[in-house]
$ cat coords-v2.pdb   # PDB, C-alpha atoms
ATOM      1  CA  GLY A   1       0.608 -11.603 -13.971
ATOM      2  CA  THR A   2       1.956 -13.496 -16.993
ATOM      3  CA  ILE A   3       4.367 -16.433 -16.874
ATOM      4  CA  LYS A   4       5.898 -17.752 -20.074
ATOM      5  CA  ILE A   5       7.122 -21.362 -20.326
ATOM      6  CA  ILE A   6      10.181 -21.511 -22.605
ATOM      7  CA  ASP A   7      11.902 -24.585 -24.060
ATOM      8  CA  ALA A   8      15.515 -24.282 -22.854
ATOM      9  CA  ASN A   9      16.810 -26.275 -25.845
ATOM     10  CA  ASN A  10      15.578 -24.001 -28.612
ATOM     11  CA  TYR A  11      14.180 -20.994 -26.678
ATOM     12  CA  SER A  12      10.735 -21.377 -28.190
ATOM     13  CA  GLU A  13       7.650 -20.506 -26.190
ATOM     14  CA  ILE A  14       5.761 -23.577 -25.012
ATOM     15  CA  SER A  15       2.892 -21.788 -23.304
ATOM     16  CA  THR A  16       1.795 -18.586 -21.617
ATOM     17  CA  LEU A  17       0.107 -18.643 -18.221
ATOM     18  CA  THR A  18      -2.059 -15.663 -17.355
ATOM     19  CA  GLY A  19      -3.977 -14.757 -14.241
ATOM     20  CA  ILE A  20      -1.630 -16.638 -11.893
ATOM     21  CA  ILE A  21      -0.939 -13.499  -9.900
ATOM     22  CA  SER A  22      -2.642 -10.150 -10.086
ATOM     23  CA  GLY A  23      -1.635  -6.574  -9.492
ATOM     24  CA  ARG A  24       2.023  -7.259  -8.683
ATOM     25  CA  ARG A  25       5.112  -8.736 -10.287
ATOM     26  CA  THR A  26       6.519 -12.167  -9.565
ATOM     27  CA  GLU A  27       9.303 -11.777  -7.007
ATOM     28  CA  LYS A  28      10.737 -15.290  -7.280
ATOM     29  CA  MET A  29       9.889 -18.724  -8.684
ATOM     30  CA  GLN A  30      11.357 -22.027  -7.567
ATOM     31  CA  PHE A  31      10.731 -25.715  -8.323
ATOM     32  CA  SER A  32      10.260 -28.406  -5.699
ATOM     33  CA  PRO A  33      13.134 -30.935  -5.502
ATOM     34  CA  ASP A  34      11.199 -33.465  -7.610
ATOM     35  CA  GLY A  35      10.282 -30.836 -10.208
ATOM     36  CA  GLN A  36       6.548 -31.468  -9.821
ATOM     37  CA  LEU A  37       5.643 -28.176  -8.135
ATOM     38  CA  LEU A  38       6.455 -24.579  -8.965
ATOM     39  CA  VAL A  39       6.181 -22.016  -6.168
ATOM     40  CA  VAL A  40       5.510 -18.467  -7.351
ATOM     41  CA  GLN A  41       6.167 -15.659  -4.891
ATOM     42  CA  GLN A  42       4.263 -12.457  -5.608
ATOM     43  CA  GLU A  43       6.004  -9.153  -4.924
ATOM     44  CA  LYS A  44       4.934  -7.154  -1.835
ATOM     45  CA  THR A  45       2.042  -9.449  -0.885
ATOM     46  CA  ASP A  46       1.326 -12.245   1.573
ATOM     47  CA  PHE A  47       0.646 -14.784  -1.198
ATOM     48  CA  LEU A  48       2.541 -17.685  -2.703
ATOM     49  CA  LYS A  49       0.971 -19.755  -5.486
ATOM     50  CA  ILE A  50       1.686 -23.473  -5.895
ATOM     51  CA  LEU A  51       1.472 -24.719  -9.493
ATOM     52  CA  ASP A  52       1.545 -28.233 -10.897
ATOM     53  CA  ALA A  53       4.607 -28.118 -13.170
ATOM     54  CA  THR A  54       3.131 -30.748 -15.494
ATOM     55  CA  THR A  55      -0.304 -29.213 -16.085
ATOM     56  CA  ASN A  56       0.605 -25.559 -15.315
ATOM     57  CA  GLN A  57      -2.519 -25.324 -13.156
ATOM     58  CA  VAL A  58      -2.683 -23.576  -9.775
ATOM     59  CA  LEU A  59      -3.011 -26.265  -7.100
ATOM     60  CA  ASP A  60      -3.053 -24.137  -3.993
ATOM     61  CA  SER A  61      -2.028 -20.884  -2.350
ATOM     62  CA  ILE A  62      -0.173 -20.117   0.847
ATOM     63  CA  VAL A  63      -0.923 -16.923   2.733
ATOM     64  CA  ILE A  64       1.837 -16.106   5.203
ATOM     65  CA  PRO A  65       0.691 -14.907   8.651
ATOM     66  CA  THR A  66       2.577 -11.575   8.626
ATOM     67  CA  PRO A  67       2.927  -9.296   5.624
ATOM     68  CA  GLN A  68       4.875  -9.217   3.054
ATOM     69  CA  ASN A  69       6.859 -12.158   1.781
ATOM     70  CA  LYS A  70      10.404 -11.074   0.884
ATOM     71  CA  ASP A  71      12.295 -14.211  -0.134
ATOM     72  CA  MET A  72      11.971 -17.995  -0.143
ATOM     73  CA  ASP A  73      13.993 -21.162  -0.533
ATOM     74  CA  ILE A  74      13.079 -24.831  -0.871
ATOM     75  CA  TYR A  75      14.991 -27.783   0.508
ATOM     76  CA  ASP A  76      13.857 -31.397   0.953
ATOM     77  CA  ASP A  77      10.158 -30.582   0.409
ATOM     78  CA  MET A  78      10.254 -27.781   2.971
ATOM     79  CA  LEU A  79       9.489 -24.208   1.932
ATOM     80  CA  TYR A  80      11.133 -21.398   3.911
ATOM     81  CA  VAL A  81       9.603 -17.926   3.551
ATOM     82  CA  CYS A  82      10.807 -14.722   5.187
ATOM     83  CA  SER A  83       8.614 -11.679   5.701
ATOM     84  CA  SER A  84       8.959  -7.959   6.174
ATOM     85  CA  GLY A  85       7.051  -8.516   9.421
ATOM     86  CA  GLY A  86      10.230 -10.064  10.843
ATOM     87  CA  SER A  87       9.331 -13.747  10.648
ATOM     88  CA  LEU A  88      10.770 -16.803   8.938
ATOM     89  CA  TYR A  89       8.223 -19.533   8.195
ATOM     90  CA  LYS A  90       8.754 -23.230   7.503
ATOM     91  CA  TYR A  91       6.042 -24.976   5.451
ATOM     92  CA  ASP A  92       5.663 -28.588   4.374
ATOM     93  CA  LEU A  93       5.515 -28.051   0.619
ATOM     94  CA  ASN A  94       3.391 -31.148  -0.057
ATOM     95  CA  SER A  95       0.673 -30.461   2.537
ATOM     96  CA  ARG A  96       1.109 -26.635   2.585
ATOM     97  CA  VAL A  97       0.976 -26.801   6.406
ATOM     98  CA  LEU A  98       2.920 -24.290   8.507
ATOM     99  CA  ILE A  99       5.411 -26.377  10.519
ATOM    100  CA  ASP A 100       7.313 -23.751  12.494
ATOM    101  CA  SER A 101       8.434 -20.130  12.570
ATOM    102  CA  VAL A 102      11.041 -17.887  14.136
ATOM    103  CA  SER A 103      10.758 -14.145  14.751
ATOM    104  CA  PHE A 104      13.361 -11.404  14.455
ATOM    105  CA  THR A 105      13.322  -7.830  15.726
ATOM    106  CA  SER A 106      13.244  -6.464  12.173
ATOM    107  CA  SER A 107      12.336  -7.431   8.617
ATOM    108  CA  CYS A 108      13.653 -10.770   7.338
ATOM    109  CA  ASP A 109      14.621 -10.070   3.719
ATOM    110  CA  GLY A 110      16.708 -13.023   2.545
ATOM    111  CA  VAL A 111      16.806 -16.772   3.119
ATOM    112  CA  ALA A 112      19.038 -19.510   1.695
ATOM    113  CA  VAL A 113      19.412 -23.131   2.766
ATOM    114  CA  ALA A 114      22.965 -24.495   2.833
ATOM    115  CA  PRO A 115      23.685 -27.245   0.268
ATOM    116  CA  PHE A 116      23.504 -30.147   2.726
ATOM    117  CA  GLY A 117      20.349 -28.863   4.383
ATOM    118  CA  GLU A 118      21.359 -28.690   8.037
ATOM    119  CA  ILE A 119      21.564 -24.902   8.256
ATOM    120  CA  LEU A 120      19.783 -22.027   6.617
ATOM    121  CA  TYR A 121      20.835 -18.414   6.581
ATOM    122  CA  ALA A 122      18.473 -15.463   6.960
ATOM    123  CA  THR A 123      19.185 -11.752   6.682
ATOM    124  CA  THR A 124      17.745  -8.891   8.684
ATOM    125  CA  PRO A 125      18.898  -5.758   6.832
ATOM    126  CA  VAL A 126      17.945  -3.157   9.438
ATOM    127  CA  ASP A 127      20.527  -4.515  11.888
ATOM    128  CA  THR A 128      22.761  -5.872   9.056
ATOM    129  CA  LEU A 129      22.810  -9.386  10.511
ATOM    130  CA  VAL A 130      23.053 -12.798   8.902
ATOM    131  CA  HIS A 131      21.533 -15.488  11.107
ATOM    132  CA  ALA A 132      22.613 -19.150  10.943
ATOM    133  CA  ILE A 133      19.552 -21.259  11.786
ATOM    134  CA  ASP A 134      19.042 -24.989  12.406
ATOM    135  CA  VAL A 135      16.557 -26.162   9.741
ATOM    136  CA  GLN A 136      14.961 -28.805  11.968
ATOM    137  CA  THR A 137      14.166 -26.594  14.966
ATOM    138  CA  LEU A 138      14.459 -23.089  13.459
ATOM    139  CA  SER A 139      16.675 -22.223  16.422
ATOM    140  CA  VAL A 140      19.146 -19.421  15.789
ATOM    141  CA  ILE A 141      22.646 -20.903  16.111
ATOM    142  CA  ARG A 142      24.533 -17.665  15.610
ATOM    143  CA  SER A 143      24.012 -14.140  14.322
ATOM    144  CA  ILE A 144      26.831 -12.373  12.505
ATOM    145  CA  LYS A 145      27.097  -8.652  11.739
ATOM    146  CA  ALA A 146      27.909  -8.898   8.062
ATOM    147  CA  THR A 147      28.418  -5.287   7.078
ATOM    148  CA  THR A 148      27.936  -1.709   8.161
ATOM    149  CA  ARG A 149      25.502  -1.280   5.277
ATOM    150  CA  THR A 150      22.164  -2.872   4.496
ATOM    151  CA  ILE A 151      22.105  -6.530   3.450
ATOM    152  CA  SER A 152      19.051  -8.208   2.005
ATOM    153  CA  LYS A 153      19.501 -11.211  -0.298
ATOM    154  CA  LEU A 154      22.114 -13.920  -0.010
ATOM    155  CA  ILE A 155      23.172 -17.199  -1.582
ATOM    156  CA  VAL A 156      25.149 -20.106  -0.169
ATOM    157  CA  SER A 157      27.837 -21.734  -2.314
ATOM    158  CA  PRO A 158      28.169 -25.512  -2.746
ATOM    159  CA  GLU A 159      31.146 -25.298  -0.380
ATOM    160  CA  ASN A 160      28.771 -23.868   2.292
ATOM    161  CA  TYR A 161      30.227 -20.321   2.210
TER     162      TYR A 161
END

$ encode --input "coords-v2.pdb" --output "structure tokens"
Amino acid sequence: GTIKIIDANNYSEISTLTGIISGRRTEKMQFSPDGQLLVVQQEKTDFLKILDATTNQVLDSIVIPTPQNKDMDIYDDMLYVCSSGGSLYKYDLNSRVLIDSVSFTSSCDGVAVAPFGEILYATTPVDTLVHAIDVQTLSVIRSIKATTRTISKLIVSPENY
């Protein structure tokens, strides 16, 4: 569980953080919109760590209700986390409170919020679907069969494709 902070201008190491996560790799890291918080998603666990990006100290943890977190995205101080238990969770990033959730019939492996924040997309690889979801209500707007093969992660372009 080591995280290295690197200066992007000259690639020198600023600091090394140890003990942030234990026993597993970091799956994904993402900054809050204001750059003050860093969310660290630990591979194959139920845990997400919230770090203060200025002090590099752990502020809090989020434990998702169903195992294992698979992917996450942040938009407008909301944290969206999908789980292998088939749920998508919406947390207020500042208070770390669970706001809402939606369940699928199979594992939710990927999540990405569209650039303007009205819609997010989630993948369920077992049934090869991409779900378009209203970010306010977490209501599924539409589900699209994307492929005949497994799909897990996805990204949304600035043009909302």

$ closest_residue --input "coords-v2.pdb" --among "A:Leu88, A:Ile119, A:Val81, A:Leu51" --to "A:Ser101" --atoms "only C-alpha atoms"
A:Leu88

$ resolve_selection --input "coords-v2.pdb" --expression "the PyMOL selection byres ((chain A and resi 139) around 12)" --output "PyMOL selection string"
chain A and resi 88+90+100-104+118-122+131-138+140-143

$ closest_residue --input "coords-v2.pdb" --among "A:Asp34, A:Val113, A:Gly85, A:Arg96" --to "A:Met72" --atoms "all atoms listed in the file"
A:Val113

$ residues_around --input "coords-v2.pdb" --residues "stretch 21-26 of chain A" --least-positions-apart "5" --cutoff "10 Å" --atoms "all atoms listed in the file" --output "list in words"
Gly1, Thr2, Ile3, Val40, Gln41, Gln42, Glu43, Lys44, Thr45, Phe47, Leu48 and Lys49 of chain A

$ closest_residue --input "coords-v2.pdb" --among "A:Ile5, A:Val156, A:Ile62, A:Leu93" --to "A:Phe116" --atoms "all atoms listed in the file"
A:Val156

$ residues_near_point --input "coords-v2.pdb" --point "(7.8, -8.7, 3.9)" --cutoff "12 Å" --atoms "only C-alpha atoms" --output "ChimeraX atom specification"
/A:27,41-47,64-72,81-89,106-110,124-125,152

$ residues_near_point --input "coords-v2.pdb" --point "(25.6, -25.0, 1.8)" --cutoff "6 Å" --atoms "all atoms listed in the file" --output "list in words"
Ala114, Pro115, Phe116, Val156, Ser157, Pro158, Glu159 and Asn160 of chain A

$ resolve_selection --input "coords-v2.pdb" --expression "the PyMOL selection byres ((chain A and resi 54) around 12)" --output "list in words"
Ile5, Ser15, Phe31, Asp34, Gly35, Gln36, Leu37, Leu38, Leu51, Asp52, Ala53, Thr55, Asn56, Gln57, Val58 and Leu59 of chain A

$ atom_distance --input "coords-v2.pdb" --atom1 "atom CA of A:Leu79" --atom2 "atom CA of A:Thr128"
23.7 Å

$ atom_distance --input "coords-v2.pdb" --atom1 "atom CA of A:Ile144" --atom2 "atom CA of A:Leu129"
5.4 Å

$ atom_distance --input "coords-v2.pdb" --atom1 "atom CA of A:Thr123" --atom2 "atom CA of A:Pro33"
23.5 Å

$ closest_residue --input "coords-v2.pdb" --among "A:Tyr91, A:Asn9, A:Val111, A:Met29" --to "A:Val63" --atoms "all atoms listed in the file"
A:Tyr91

$ axis_aligned_box --input "coords-v2.pdb" --around "stretch 119-126 of chain A" --padding-each-side "5 Å" --output "lines of an AutoDock Vina configuration file"
center_x = 19.7
center_y = -14.0
center_z = 8.0
size_x = 13.8
size_y = 31.7
size_z = 12.9

$ decode --input "coords-v2.pdb" --residues "stretch 124-145 of chain A" --atoms "N, CA and C atoms" --output "compact mmCIF listing (two decimals), in the first residue's frame"
# COMPACT_ATOMS: atom_id res chain seq x y z
N THR A 124 -22.78 -3.52 -16.87
CA THR A 124 -22.98 -4.82 -16.21
C THR A 124 -22.50 -5.87 -17.20
N PRO A 125 -21.26 -6.37 -17.00
CA PRO A 125 -20.62 -7.22 -18.00
C PRO A 125 -21.27 -8.58 -18.23
N VAL A 126 -21.93 -9.13 -17.24
CA VAL A 126 -22.52 -10.46 -17.41
C VAL A 126 -23.58 -10.44 -18.52
N ASP A 127 -24.40 -9.39 -18.53
CA ASP A 127 -25.42 -9.27 -19.58
C ASP A 127 -25.01 -8.32 -20.70
N THR A 128 -23.76 -7.86 -20.66
CA THR A 128 -23.15 -6.97 -21.67
C THR A 128 -23.98 -5.71 -21.93
N LEU A 129 -24.50 -5.11 -20.86
CA LEU A 129 -25.31 -3.91 -21.01
C LEU A 129 -24.57 -2.67 -20.53
N VAL A 130 -24.87 -1.55 -21.18
CA VAL A 130 -24.49 -0.23 -20.71
C VAL A 130 -25.79 0.46 -20.34
N HIS A 131 -25.86 0.97 -19.11
CA HIS A 131 -27.07 1.61 -18.62
C HIS A 131 -26.85 3.11 -18.56
N ALA A 132 -27.77 3.88 -19.15
CA ALA A 132 -27.78 5.34 -19.02
C ALA A 132 -28.65 5.66 -17.82
N ILE A 133 -28.11 6.44 -16.87
CA ILE A 133 -28.77 6.67 -15.59
C ILE A 133 -28.82 8.16 -15.28
N ASP A 134 -29.96 8.64 -14.82
CA ASP A 134 -30.12 10.03 -14.38
C ASP A 134 -29.33 10.21 -13.09
N VAL A 135 -28.41 11.19 -13.04
CA VAL A 135 -27.56 11.34 -11.86
C VAL A 135 -28.31 11.85 -10.64
N GLN A 136 -29.38 12.59 -10.84
CA GLN A 136 -30.14 13.11 -9.71
C GLN A 136 -30.92 12.02 -8.99
N THR A 137 -31.61 11.18 -9.75
CA THR A 137 -32.52 10.19 -9.18
C THR A 137 -31.98 8.76 -9.19
N LEU A 138 -30.90 8.54 -9.91
CA LEU A 138 -30.34 7.21 -10.18
C LEU A 138 -31.36 6.28 -10.84
N SER A 139 -32.28 6.87 -11.58
CA SER A 139 -33.24 6.08 -12.36
C SER A 139 -32.59 5.67 -13.68
N VAL A 140 -32.78 4.42 -14.06
CA VAL A 140 -32.25 3.94 -15.33
C VAL A 140 -33.11 4.51 -16.45
N ILE A 141 -32.48 5.27 -17.35
CA ILE A 141 -33.18 5.87 -18.48
C ILE A 141 -33.31 4.86 -19.61
N ARG A 142 -32.22 4.15 -19.85
CA ARG A 142 -32.17 3.19 -20.95
C ARG A 142 -31.02 2.22 -20.72
N SER A 143 -31.20 1.00 -21.16
CA SER A 143 -30.13 0.01 -21.14
C SER A 143 -29.88 -0.45 -22.56
N ILE A 144 -28.62 -0.50 -22.95
CA ILE A 144 -28.24 -0.82 -24.32
C ILE A 144 -27.33 -2.04 -24.31
N LYS A 145 -27.63 -3.03 -25.14
CA LYS A 145 -26.73 -4.18 -25.29
C LYS A 145 -25.56 -3.70 -26.16
